[in-house]
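K.L.:
The structure under discussion is supplied below as structure tokens; questions concerning it will follow.
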2 protein chains.
Amino acid sequence: MVTMAEVAARAGVTKQTVSNVVAGKSVRPETAMRVRAAIAELGYKPNLVARSLATGTTMTVGLFVPTVANPFYSEVVEEVENVLVRHGYNLLLATTHDDAERTRQHLEILAARSVDALLVAGDAGVTARLPMLADAKFPVALCAWEVDPPDSLPVVSIDYEHAGFLAGRHLRELGHRRVVVVADLPAHSRRIDGLRRAFARDGLSVPDDAVFAAAQSSPDGGFDAAAAALAAHPDATAIFATRDVLALDALEAARQAGHRVPEDLSVVGFDDIAQVGRTRPALTTVAFPKRQMAQQAVELLLRAVESAAAPANAISLLRPHLVVRGSSAPPAVRPHHTTR
Amino acid sequence: MVTMAEVAARAGVTKQTVSNVVAGKSVRPETAMRVRAAIAELGYKPNLVARSLATGTTMTVGLFVPTVANPFYSEVVEEVENVLVRHGYNLLLATTHDDAERTRQHLEILAARSVDALLVAGDAGVTARLPMLADAKFPVALCAWEVDPPDSLPVVSIDYEHAGFLAGRHLRELGHRRVVVVADLPAHSRRIDGLRRAFARDGLSVPDDAVFAAAQSSPDGGFDAAAAALAAHPDATAIFATRDVLALDALEAARQAGHRVPEDLSVVGFDDIAQVGRTRPALTTVAFPKRQMAQQAVELLLRAVESAAAPANAISLLRPHLVVRGSSAPPAVRPHHTTR
DNA sequence: TCCTTATTGTTGACCGGTCCACGCAATCAC
DNA sequence: GTGATTGCGTGGACCGGTCAACAATAAGGA
């Protein structure tokens with residue numbers, strides 16, 4: 001590899017002058033030309049590793065996500081990368097798989113690599129490492145954070161409770177009274193709280209036995225939970241799934257149980273991942289402004305990096321909104337189900 | 001940050017000795033203990049940037065994918081990261097978005113960062129940069145490569161033509177004679193070649209006007225193409241989609257056109273992305289061994305890195321296989337469609 | 001004319017590790 | 001007892017940039 005020193009020799013100046021030309025600092029035009037010519041002739045490219053060592057900055061940002069297999073996080077990754085590229089940064093991607101030990105190792109390596117900043121999306125496996133995150137020597141931000149926002153780190157997320165409320169309000173406005181829930185528990189309990197609040201306003205409740213946890217280990221977890229929910233509550237007129245992928249499973253379970261959606265049963269999801277708008281029935285869901293979130297979070301971090309200050313320790317909550325599509329409708333008028 | 005020199009001073013030895021302890025080279029146990037104690041007391045962590053500069057190796061591998069939004073590539077990314085982590089490497093992710101200029105910049109930066117290796121998945125936007133890839137100073141491998149495998153770089157992929165053949169043979173074995181195709185063109189033409197070969201064996205053809213290109217720009221491209229295909233060929237008994245996401249769109253278009261799948265119309269996809277096994281009807285598709293591919297490709301690269309040699313310049317083709325699910329069945333026995 | 005203030009470019013230290021040649025003891029064979 | 005081998009540890013150069021202090025030359029003000 002051709003180094004700065006070689007370019008300097010070729011142009012008859014010092015390393016430093018070459019450095020100045022590359023960095024765009026004031027250099028007499030005549031000299032700059034000579035240097036630029038030498039750079040071009042030798043095909044010189046600055047060595048970023050060396051620069052990083054000298055400056056302590058790597059133009060690299062780490063991103064933690066639980067997994068990329070979930071489309072929600074895919075979209076986050078996609079957008080984070082876009083914003084980073086726009087600012088000239090690179091993305092170091094690490095999946096945590098909700099594994100605390102794996103997360104710890106990744107964190108250690110990122111620190112040793114001196115990334116300029118770290119964005120953590122999703123909480124599950126990382127929560128335990130929060131103290132470690134708090135006193136990292138680079139800015140850290142959290143996003144898509146549902147549980148106990150720690151007060152030492154900035155967060156860009158949404159009001160999950162309110163998002164759940166939107167789903168509940170929609171179902172109530174349609175006239176639904178009995179809803180079952182398929183959820184990732186305990187992670188998604190906020191969303192359920194919101195749903196319950198909407199029902200509670202009208203004096204209705206969503207009892208605990210109407211909430212079914214999807215087994216996270218099995219790929220059929222969502223399907224099984226939905227099937228169980230429908231079997232246990234044949235009088236339910238709606239399903240709320242706390243994640244779109246679960247909602248897709250629920251749609252399937254409903255179909256197999258002989259329900260028509262939305263005529264017999266409404267299904268409402270959460271996230272608004274790309275594919276749910278194109279299935280039939282298209283899914284009514286609470287849209288999570290993922291890309292906006294990714295953008296804000298990254299820009300928050302980069303501002304902190306450039307001002308060399310700790311990021312504003314604030315919580316920024318974006319507004320989720322309901323997207324009404326074909327999977328929800330008023331409940332069918334049918335003989336009232338009698339218990340016993 | 002605490003440096004090696006400080007640890008050395010604390011332990012009463014030289015930097016080099018500390019380095020040896022960290023690297024696990026032979027050091028007298030007694031000395032090693034003193035050094036380890038100093039490391040623990042000071043909380044020393046080696047600076048990987050400095051190490052990279054000195055050794056010229058960064059323990060970092062770059063990955064190019066067209067996008068992460070497509071579940072096919074998500075799975076590839078997921079698996080690549082897993083393998084890298086297992087070997088102690090980090091992942092630098094770059095999306096190309098089929099943009100040659102963006103790809104060029106990324107490539108330049110990765111080179112300047114001296115990544116240890118680069119894996120390129122998918123071809124579209126990158127093909128133009130092949131010469132640049134060929135004389136990179138680090139090993140490069142290609143995967144999921146459909147067009148003209150260049151002979152200067154190792155490739156881990158599948159035989160796309162054969163994969164298409166599998167789809168065609170399946171449809172023929174079921175008895176289908178008239179199939180329409182929804183495809184990303186021209187990228188997926190190999191797959192169609194294979195399909196055609198299967199039909200040709202029985203003296204049947206898949207005419208050009210039965211092949212519909214999905215507009216890549218629009219999110220409804222697949223849907224529109226499928227709808228057009230069905231409208232233009234009402235006598236078709238099967239759809240072959242060259243990508244599962246297109247197949248999902250096709251299922252939808254079929255439903256809206258009033259076809260029952262698989263009774264009236266069979267749908268066969270390509271890729272076997274995670275979600276298509278859980279929809280109803282579950283999708284019959286040609287399974288692409290993505291994870292195996294990712295694994296082989298990464299391990300090929302890492303072998304090259306560790307032997308400091310150019311990677312074996314070979315083409316490794318994995319075997320795709322057909323996964324028969326619910327979306328394909330023998331064609332309905334129905335009055336033969338008369339043209340006019 | 002002389003001194004002050006800019007403007008460029010030079011010099012040498014430094015970032016935090018690793019590599020390599022070598023000194024020094026202790027061990028071994030003869 | 002002596003020379004050869006081996007095991008540990010030292011010192012200094014080096015990776016390829018950047019930074020800060022300074023020297024040199026040019027321009028501006030009194």
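Convention: chains lettered A, B, ... in structure tokens order; per-chain residue numbering from 1; ligands numbered from 1 as shown.
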How close does chain A get to chain B? List, as JSON lines, each residue of chain A within 6 Å, its nearest atom pair and the distance in Å to one decimal, counting only C-alpha atoms.
P.N.:
{"residue": "A:Asn47", "atom": "CA", "partner": "B:Ala112", "partner_atom": "CA", "distance": 5.2}
{"residue": "A:Leu48", "atom": "CA", "partner": "B:Arg113", "partner_atom": "CA", "distance": 5.1}
{"residue": "A:Val49", "atom": "CA", "partner": "B:Arg113", "partner_atom": "CA", "distance": 5.7}
{"residue": "A:Ala50", "atom": "CA", "partner": "B:Leu53", "partner_atom": "CA", "distance": 5.9}
{"residue": "A:Leu53", "atom": "CA", "partner": "B:Ala50", "partner_atom": "CA", "distance": 5.9}
{"residue": "A:Val68", "atom": "CA", "partner": "B:Ser74", "partner_atom": "CA", "distance": 5.8}
{"residue": "A:Ala69", "atom": "CA", "partner": "B:Ser74", "partner_atom": "CA", "distance": 5.8}
{"residue": "A:Ser74", "atom": "CA", "partner": "B:Ala69", "partner_atom": "CA", "distance": 5.8}
{"residue": "A:Glu75", "atom": "CA", "partner": "B:Ala69", "partner_atom": "CA", "distance": 5.9}
{"residue": "A:Glu78", "atom": "CA", "partner": "B:Val68", "partner_atom": "CA", "distance": 5.9}
{"residue": "A:Leu91", "atom": "CA", "partner": "B:Leu92", "partner_atom": "CA", "distance": 5.7}
{"residue": "A:Leu92", "atom": "CA", "partner": "B:Leu92", "partner_atom": "CA", "distance": 4.7}
{"residue": "A:Leu93", "atom": "CA", "partner": "B:Leu91", "partner_atom": "CA", "distance": 5.8}
{"residue": "A:Ala112", "atom": "CA", "partner": "B:Asn47", "partner_atom": "CA", "distance": 5.2}
{"residue": "A:Arg113", "atom": "CA", "partner": "B:Leu48", "partner_atom": "CA", "distance": 5.1}
K.L.:
Kindly provide the residues of chain D that approach chain A to within 10 Å, each paired with its closest atom pair and their distance in Å to one decimal, based on only C-alpha atoms (C1' of nucleotides), listed by chain and increasing number, as a Markdown table.
P.N.:
| residue | atom | partner | partner_atom | distance |
| --- | --- | --- | --- | --- |
| D:DC15 | C1' | A:Ala50 | CA | 7.8 |
| D:DG16 | C1' | A:Ala50 | CA | 5.0 |
| D:DG17 | C1' | A:Ala50 | CA | 4.9 |
| D:DT18 | C1' | A:Ala54 | CA | 5.5 |
| D:DC19 | C1' | A:Ala54 | CA | 8.8 |
K.L.:
I need the chosen residues saved as a PDB file, in the first residue's frame, with N, CA and C atoms (P, O5', C5', C4', C3', O3' and C1' of nucleotides).
P.N.:
ATOM      1  P    DC D  15       6.883   0.745   8.740  1.00  0.00           P
ATOM      2  O5'  DC D  15       5.330   0.464   8.834  1.00  0.00           O
ATOM      3  C5'  DC D  15       4.806  -0.815   9.149  1.00  0.00           C
ATOM      4  C4'  DC D  15       3.381  -0.642   9.609  1.00  0.00           C
ATOM      5  C3'  DC D  15       2.728   0.604   9.040  1.00  0.00           C
ATOM      6  O3'  DC D  15       1.942   0.256   7.912  1.00  0.00           O
ATOM      7  C1'  DC D  15       2.317   0.379  11.409  1.00  0.00           C
ATOM      8  P    DG D  16       2.146   1.109   6.553  1.00  0.00           P
ATOM      9  O5'  DG D  16       1.297   2.420   6.827  1.00  0.00           O
ATOM     10  C5'  DG D  16      -0.091   2.297   7.031  1.00  0.00           C
ATOM     11  C4'  DG D  16      -0.622   3.604   7.550  1.00  0.00           C
ATOM     12  C3'  DG D  16      -0.249   4.829   6.712  1.00  0.00           C
ATOM     13  O3'  DG D  16      -1.376   5.679   6.626  1.00  0.00           O
ATOM     14  C1'  DG D  16       0.319   5.200   8.928  1.00  0.00           C
ATOM     15  P    DG D  17      -1.507   6.698   5.415  1.00  0.00           P
ATOM     16  O5'  DG D  17      -2.679   7.637   5.972  1.00  0.00           O
ATOM     17  C5'  DG D  17      -2.371   8.850   6.622  1.00  0.00           C
ATOM     18  C4'  DG D  17      -2.813   8.793   8.054  1.00  0.00           C
ATOM     19  C3'  DG D  17      -2.959  10.141   8.734  1.00  0.00           C
ATOM     20  O3'  DG D  17      -4.302  10.574   8.652  1.00  0.00           O
ATOM     21  C1'  DG D  17      -1.695   8.621  10.092  1.00  0.00           C
ATOM     22  P    DT D  18      -4.588  12.137   8.700  1.00  0.00           P
ATOM     23  O5'  DT D  18      -4.342  12.527  10.241  1.00  0.00           O
ATOM     24  C5'  DT D  18      -5.223  12.040  11.238  1.00  0.00           C
ATOM     25  C4'  DT D  18      -4.792  12.604  12.583  1.00  0.00           C
ATOM     26  C3'  DT D  18      -4.868  14.124  12.667  1.00  0.00           C
ATOM     27  O3'  DT D  18      -5.469  14.470  13.902  1.00  0.00           O
ATOM     28  C1'  DT D  18      -2.691  13.391  13.243  1.00  0.00           C
ATOM     29  P    DC D  19      -6.002  15.971  14.094  1.00  0.00           P
ATOM     30  O5'  DC D  19      -5.042  16.491  15.261  1.00  0.00           O
ATOM     31  C5'  DC D  19      -4.657  15.614  16.297  1.00  0.00           C
ATOM     32  C4'  DC D  19      -3.553  16.246  17.135  1.00  0.00           C
ATOM     33  C3'  DC D  19      -3.610  17.773  17.190  1.00  0.00           C
ATOM     34  O3'  DC D  19      -3.396  18.201  18.524  1.00  0.00           O
ATOM     35  C1'  DC D  19      -1.472  17.063  16.449  1.00  0.00           C
TER      36       DC D  19
END
K.L.:
Compute the set of chain C residues within 8 Å of chain B, using only C-alpha atoms (C1' of nucleotides), and express it as a list in words.
P.N.:
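Contact residues on the first chain: DC15, DG16, DG17 and DT18 of chain C.
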K.L.:
Taking the DSSP secondary structure from the backbone, can you list the residues of region 119-184 of chain A that are alpha helix (DSSP H), as a VMD selection string?
P.N.:
chain A and resid 130 to 134 160 to 174
K.L.:
Please compute the CA of Pro149 (chain A)-CA of Val305 (chain A) distance, one decimal, in Å.
P.N.:
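Taking CA of Pro149 (chain A) as the start and CA of Val305 (chain A) as the end point, the length is 21.9 Å.
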K.L.:
May I have the residues within 12 Å of DC28 (chain C) as a VMD selection string, using only C-alpha atoms (C1' of nucleotides) and disregarding those fewer than 4 positions away in the same chain?
P.N.:
chain D and resid 2 to 6
K.L.:
Each residue of chain C with at least one atom at most 9 Å from region 27-33 of chain A should appear once, together with its nearest atom pair and the corresponding distance in Å (one decimal); atoms considered: only C-alpha atoms (C1' of nucleotides); ordering: chain, then increasing residue number; output as JSON lines.
P.N.:
{"residue": "C:DT7", "atom": "C1'", "partner": "A:Arg28", "partner_atom": "CA", "distance": 9.0}
{"residue": "C:DT8", "atom": "C1'", "partner": "A:Val27", "partner_atom": "CA", "distance": 6.7}
{"residue": "C:DG9", "atom": "C1'", "partner": "A:Val27", "partner_atom": "CA", "distance": 8.7}
K.L.:
So that I have them on file, write out the residues from the current selection with C-alpha atoms (C1' of nucleotides), as a PDB file, in the first residue's frame.
P.N.:
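Writing done, so here's selection.pdb:
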ATOM      1  C1'  DT C   7       0.048  32.338   5.952  1.00  0.00           C
ATOM      2  C1'  DT C   8       2.546  27.875   4.818  1.00  0.00           C
ATOM      3  C1'  DG C   9       5.178  24.343   5.625  1.00  0.00           C
TER       4       DG C   9
END
K.L.:
Using CA of Asp159 (chain B) and CA of Pro331 (chain B) as the two end points, give the distance in Å to one decimal.
P.N.:
27.8 Å
K.L.:
So that I can check the surroundings of DT5 (chain C), please list as an mmCIF file with N, CA and C atoms (P, O5', C5', C4', C3', O3' and C1' of nucleotides), in the first residue's frame every protein, DNA and RNA residue that reaches within 12 Å of it, counting only C-alpha atoms (C1' of nucleotides) and ignoring chain neighbours fewer than 3 positions away.
P.N.:
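Full text of selection_30.cif as output:
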data_model
loop_
_atom_site.group_PDB
_atom_site.id
_atom_site.type_symbol
_atom_site.label_atom_id
_atom_site.label_comp_id
_atom_site.auth_asym_id
_atom_site.auth_seq_id
_atom_site.Cartn_x
_atom_site.Cartn_y
_atom_site.Cartn_z
ATOM 1 P P DA D 26 9.123 35.539 0.362
ATOM 2 O "O5'" DA D 26 7.675 36.044 0.810
ATOM 3 C "C5'" DA D 26 6.573 35.155 0.688
ATOM 4 C "C4'" DA D 26 5.294 35.894 1.045
ATOM 5 C "C3'" DA D 26 5.188 37.302 0.454
ATOM 6 O "O3'" DA D 26 3.856 37.532 0.000
ATOM 7 C "C1'" DA D 26 5.088 37.427 2.832
ATOM 8 P P DA D 27 3.509 38.990 -0.706
ATOM 9 O "O5'" DA D 27 2.617 39.665 0.426
ATOM 10 C "C5'" DA D 27 1.525 38.946 0.975
ATOM 11 C "C4'" DA D 27 0.920 39.730 2.127
ATOM 12 C "C3'" DA D 27 0.603 41.192 1.789
ATOM 13 O "O3'" DA D 27 -0.685 41.508 2.310
ATOM 14 C "C1'" DA D 27 1.987 41.098 3.702
ATOM 15 P P DG D 28 -1.296 42.984 2.069
ATOM 16 O "O5'" DG D 28 -1.181 43.580 3.546
ATOM 17 C "C5'" DG D 28 -1.867 42.952 4.618
ATOM 18 C "C4'" DG D 28 -1.740 43.801 5.874
ATOM 19 C "C3'" DG D 28 -2.048 45.285 5.626
ATOM 20 O "O3'" DG D 28 -2.813 45.789 6.720
ATOM 21 C "C1'" DG D 28 0.159 45.059 6.489
ATOM 22 P P DG D 29 -3.338 47.316 6.694
ATOM 23 O "O5'" DG D 29 -2.524 47.920 7.929
ATOM 24 C "C5'" DG D 29 -2.582 47.269 9.197
ATOM 25 C "C4'" DG D 29 -1.727 48.029 10.191
ATOM 26 C "C3'" DG D 29 -1.950 49.546 10.144
ATOM 27 O "O3'" DG D 29 -1.974 50.061 11.480
ATOM 28 C "C1'" DG D 29 0.342 49.060 9.720
#
K.L.:
Can you pull out every residue within 6 Å of Val286 (chain B), counting only C-alpha atoms (C1' of nucleotides), but drop anything in the same chain fewer than 4 positions away, and send it as a PyMOL selection string?
P.N.:
chain B and resi 270-271+321-323
K.L.:
Name the residues of region 86-217 of chain B that come out as strand (DSSP E) in a backbone DSSP run; write them as a list in words.
P.N.:
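Secondary structure check on region 86-217 of chain B, strand (DSSP E): Asn90, Leu91, Leu92, Leu93, Ala94, Thr95, Ala117, Leu118, Leu119, Val120, Ala121, Val140, Ala141, Leu142, Cys143, Val155, Val156, Ser157, Ile158, Val179, Val180, Val181, Val182, Ala183, Val211, Phe212 and Ala213 of chain B.
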K.L.:
Could those selected residues go to a file with N, CA and C atoms, as a PDB file, in the first residue's frame?
P.N.:
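Below is the file result_8.pdb, written as the result:
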ATOM      1  N   ASN B  90     -16.197  -9.549  13.239  1.00  0.00           N
ATOM      2  CA  ASN B  90     -17.323  -8.621  13.253  1.00  0.00           C
ATOM      3  C   ASN B  90     -17.834  -8.367  11.850  1.00  0.00           C
ATOM      4  N   LEU B  91     -19.082  -7.961  11.800  1.00  0.00           N
ATOM      5  CA  LEU B  91     -19.739  -7.759  10.509  1.00  0.00           C
ATOM      6  C   LEU B  91     -19.940  -6.287  10.192  1.00  0.00           C
ATOM      7  N   LEU B  92     -19.417  -5.889   9.060  1.00  0.00           N
ATOM      8  CA  LEU B  92     -19.624  -4.543   8.555  1.00  0.00           C
ATOM      9  C   LEU B  92     -20.637  -4.677   7.431  1.00  0.00           C
ATOM     10  N   LEU B  93     -21.846  -4.217   7.665  1.00  0.00           N
ATOM     11  CA  LEU B  93     -22.906  -4.438   6.697  1.00  0.00           C
ATOM     12  C   LEU B  93     -23.087  -3.248   5.772  1.00  0.00           C
ATOM     13  N   ALA B  94     -23.184  -3.531   4.496  1.00  0.00           N
ATOM     14  CA  ALA B  94     -23.413  -2.457   3.532  1.00  0.00           C
ATOM     15  C   ALA B  94     -24.497  -2.876   2.561  1.00  0.00           C
ATOM     16  N   THR B  95     -25.496  -2.042   2.403  1.00  0.00           N
ATOM     17  CA  THR B  95     -26.526  -2.354   1.416  1.00  0.00           C
ATOM     18  C   THR B  95     -26.213  -1.584   0.139  1.00  0.00           C
ATOM     19  N   ALA B 117     -11.977  -9.451   4.762  1.00  0.00           N
ATOM     20  CA  ALA B 117     -12.585 -10.163   3.650  1.00  0.00           C
ATOM     21  C   ALA B 117     -13.907  -9.504   3.300  1.00  0.00           C
ATOM     22  N   LEU B 118     -14.397  -9.853   2.140  1.00  0.00           N
ATOM     23  CA  LEU B 118     -15.667  -9.289   1.701  1.00  0.00           C
ATOM     24  C   LEU B 118     -16.523 -10.360   1.053  1.00  0.00           C
ATOM     25  N   LEU B 119     -17.771 -10.397   1.466  1.00  0.00           N
ATOM     26  CA  LEU B 119     -18.711 -11.318   0.855  1.00  0.00           C
ATOM     27  C   LEU B 119     -19.774 -10.500   0.134  1.00  0.00           C
ATOM     28  N   VAL B 120     -20.011 -10.848  -1.099  1.00  0.00           N
ATOM     29  CA  VAL B 120     -21.003 -10.120  -1.877  1.00  0.00           C
ATOM     30  C   VAL B 120     -22.169 -11.047  -2.177  1.00  0.00           C
ATOM     31  N   ALA B 121     -23.336 -10.679  -1.728  1.00  0.00           N
ATOM     32  CA  ALA B 121     -24.518 -11.496  -1.995  1.00  0.00           C
ATOM     33  C   ALA B 121     -25.406 -10.793  -3.003  1.00  0.00           C
ATOM     34  N   VAL B 140     -12.208 -12.007  -1.567  1.00  0.00           N
ATOM     35  CA  VAL B 140     -13.589 -11.665  -1.885  1.00  0.00           C
ATOM     36  C   VAL B 140     -14.290 -12.927  -2.362  1.00  0.00           C
ATOM     37  N   ALA B 141     -15.525 -13.102  -1.959  1.00  0.00           N
ATOM     38  CA  ALA B 141     -16.296 -14.226  -2.482  1.00  0.00           C
ATOM     39  C   ALA B 141     -17.686 -13.741  -2.845  1.00  0.00           C
ATOM     40  N   LEU B 142     -18.298 -14.440  -3.751  1.00  0.00           N
ATOM     41  CA  LEU B 142     -19.642 -14.079  -4.183  1.00  0.00           C
ATOM     42  C   LEU B 142     -20.607 -15.171  -3.757  1.00  0.00           C
ATOM     43  N   CYS B 143     -21.828 -14.780  -3.452  1.00  0.00           N
ATOM     44  CA  CYS B 143     -22.822 -15.810  -3.194  1.00  0.00           C
ATOM     45  C   CYS B 143     -24.179 -15.376  -3.706  1.00  0.00           C
ATOM     46  N   VAL B 155     -17.192 -18.524  -5.962  1.00  0.00           N
ATOM     47  CA  VAL B 155     -18.638 -18.335  -5.883  1.00  0.00           C
ATOM     48  C   VAL B 155     -19.252 -19.475  -5.083  1.00  0.00           C
ATOM     49  N   VAL B 156     -20.151 -19.147  -4.188  1.00  0.00           N
ATOM     50  CA  VAL B 156     -20.947 -20.174  -3.520  1.00  0.00           C
ATOM     51  C   VAL B 156     -22.392 -19.860  -3.838  1.00  0.00           C
ATOM     52  N   SER B 157     -23.024 -20.747  -4.563  1.00  0.00           N
ATOM     53  CA  SER B 157     -24.364 -20.432  -5.008  1.00  0.00           C
ATOM     54  C   SER B 157     -25.110 -21.728  -5.279  1.00  0.00           C
ATOM     55  N   ILE B 158     -26.154 -21.621  -6.048  1.00  0.00           N
ATOM     56  CA  ILE B 158     -26.847 -22.840  -6.435  1.00  0.00           C
ATOM     57  C   ILE B 158     -26.936 -22.852  -7.952  1.00  0.00           C
ATOM     58  N   VAL B 179     -48.461 -22.853 -17.959  1.00  0.00           N
ATOM     59  CA  VAL B 179     -48.009 -22.132 -16.775  1.00  0.00           C
ATOM     60  C   VAL B 179     -47.668 -20.696 -17.163  1.00  0.00           C
ATOM     61  N   VAL B 180     -47.950 -19.786 -16.252  1.00  0.00           N
ATOM     62  CA  VAL B 180     -47.471 -18.418 -16.457  1.00  0.00           C
ATOM     63  C   VAL B 180     -46.383 -18.135 -15.422  1.00  0.00           C
ATOM     64  N   VAL B 181     -45.544 -17.193 -15.764  1.00  0.00           N
ATOM     65  CA  VAL B 181     -44.397 -16.904 -14.920  1.00  0.00           C
ATOM     66  C   VAL B 181     -44.411 -15.440 -14.508  1.00  0.00           C
ATOM     67  N   VAL B 182     -44.147 -15.219 -13.242  1.00  0.00           N
ATOM     68  CA  VAL B 182     -43.954 -13.845 -12.754  1.00  0.00           C
ATOM     69  C   VAL B 182     -42.519 -13.776 -12.273  1.00  0.00           C
ATOM     70  N   ALA B 183     -41.760 -12.841 -12.818  1.00  0.00           N
ATOM     71  CA  ALA B 183     -40.323 -12.861 -12.559  1.00  0.00           C
ATOM     72  C   ALA B 183     -39.718 -11.479 -12.455  1.00  0.00           C
ATOM     73  N   VAL B 211     -44.515 -14.977 -19.821  1.00  0.00           N
ATOM     74  CA  VAL B 211     -43.577 -14.530 -18.791  1.00  0.00           C
ATOM     75  C   VAL B 211     -43.796 -13.047 -18.523  1.00  0.00           C
ATOM     76  N   PHE B 212     -44.110 -12.723 -17.284  1.00  0.00           N
ATOM     77  CA  PHE B 212     -44.420 -11.334 -16.930  1.00  0.00           C
ATOM     78  C   PHE B 212     -43.385 -10.794 -15.955  1.00  0.00           C
ATOM     79  N   ALA B 213     -42.848  -9.643 -16.291  1.00  0.00           N
ATOM     80  CA  ALA B 213     -41.840  -9.031 -15.423  1.00  0.00           C
ATOM     81  C   ALA B 213     -42.529  -8.204 -14.346  1.00  0.00           C
TER      82      ALA B 213
END
K.L.:
Might you pull out every residue within 10 Å of Phe240 (chain B), with only C-alpha atoms (C1' of nucleotides) counted and same-chain residues fewer than 3 positions away left off, and present them as a list in words?
P.N.:
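So the residues in contact are Gly164, Ala167, Gly168, Leu171, Val179, Val180, Val181, Val182, Ala183, Arg191, Ile192, Leu195, Val211, Ala226, Arg243, Asp244, Leu246, Ala247, Ala250, Ser266, Val267, Val268, Gly269, Phe270 and Thr285 of chain B.
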K.L.:
Okay, now the selection with C-alpha atoms, as a PDB file, in the first residue's frame?
P.N.:
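So the final result, stored in again-v2.pdb, reads:
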ATOM      1  CA  GLY B 164     -36.084 -23.751 -12.022  1.00  0.00           C
ATOM      2  CA  ALA B 167     -40.207 -26.296 -10.148  1.00  0.00           C
ATOM      3  CA  GLY B 168     -41.059 -27.195 -13.716  1.00  0.00           C
ATOM      4  CA  LEU B 171     -45.655 -28.947 -12.169  1.00  0.00           C
ATOM      5  CA  VAL B 179     -48.009 -22.132 -16.775  1.00  0.00           C
ATOM      6  CA  VAL B 180     -47.471 -18.418 -16.457  1.00  0.00           C
ATOM      7  CA  VAL B 181     -44.397 -16.904 -14.920  1.00  0.00           C
ATOM      8  CA  VAL B 182     -43.954 -13.845 -12.754  1.00  0.00           C
ATOM      9  CA  ALA B 183     -40.323 -12.861 -12.559  1.00  0.00           C
ATOM     10  CA  ARG B 191     -34.705 -19.922 -13.293  1.00  0.00           C
ATOM     11  CA  ILE B 192     -37.066 -19.622 -16.203  1.00  0.00           C
ATOM     12  CA  LEU B 195     -38.623 -24.312 -15.928  1.00  0.00           C
ATOM     13  CA  VAL B 211     -43.577 -14.530 -18.791  1.00  0.00           C
ATOM     14  CA  ALA B 226     -49.564 -11.724 -11.570  1.00  0.00           C
ATOM     15  CA  ARG B 243     -39.113 -15.317  -5.804  1.00  0.00           C
ATOM     16  CA  ASP B 244     -41.281 -16.086  -2.805  1.00  0.00           C
ATOM     17  CA  LEU B 246     -43.636 -12.473  -5.742  1.00  0.00           C
ATOM     18  CA  ALA B 247     -45.386 -15.752  -5.080  1.00  0.00           C
ATOM     19  CA  ALA B 250     -49.397 -13.941  -6.898  1.00  0.00           C
ATOM     20  CA  SER B 266     -51.176 -23.978  -8.435  1.00  0.00           C
ATOM     21  CA  VAL B 267     -48.548 -21.529  -7.265  1.00  0.00           C
ATOM     22  CA  VAL B 268     -44.886 -22.388  -6.952  1.00  0.00           C
ATOM     23  CA  GLY B 269     -42.351 -20.007  -5.490  1.00  0.00           C
ATOM     24  CA  PHE B 270     -38.623 -19.788  -5.116  1.00  0.00           C
ATOM     25  CA  THR B 285     -41.398 -23.570  -3.336  1.00  0.00           C
TER      26      THR B 285
END
K.L.:
If we count only C-alpha atoms (C1' of nucleotides), what is near DA21 (chain D) at a cut-off of 12 Å, once residues fewer than 3 positions away on the same chain are taken out, given as number ranges by chain?
P.N.:
C: 10-13
K.L.:
Which value, in Å to one decimal, gives the distance between CA of Val35 (chain A) and CA of Glu101 (chain B)?
P.N.:
25.9 Å
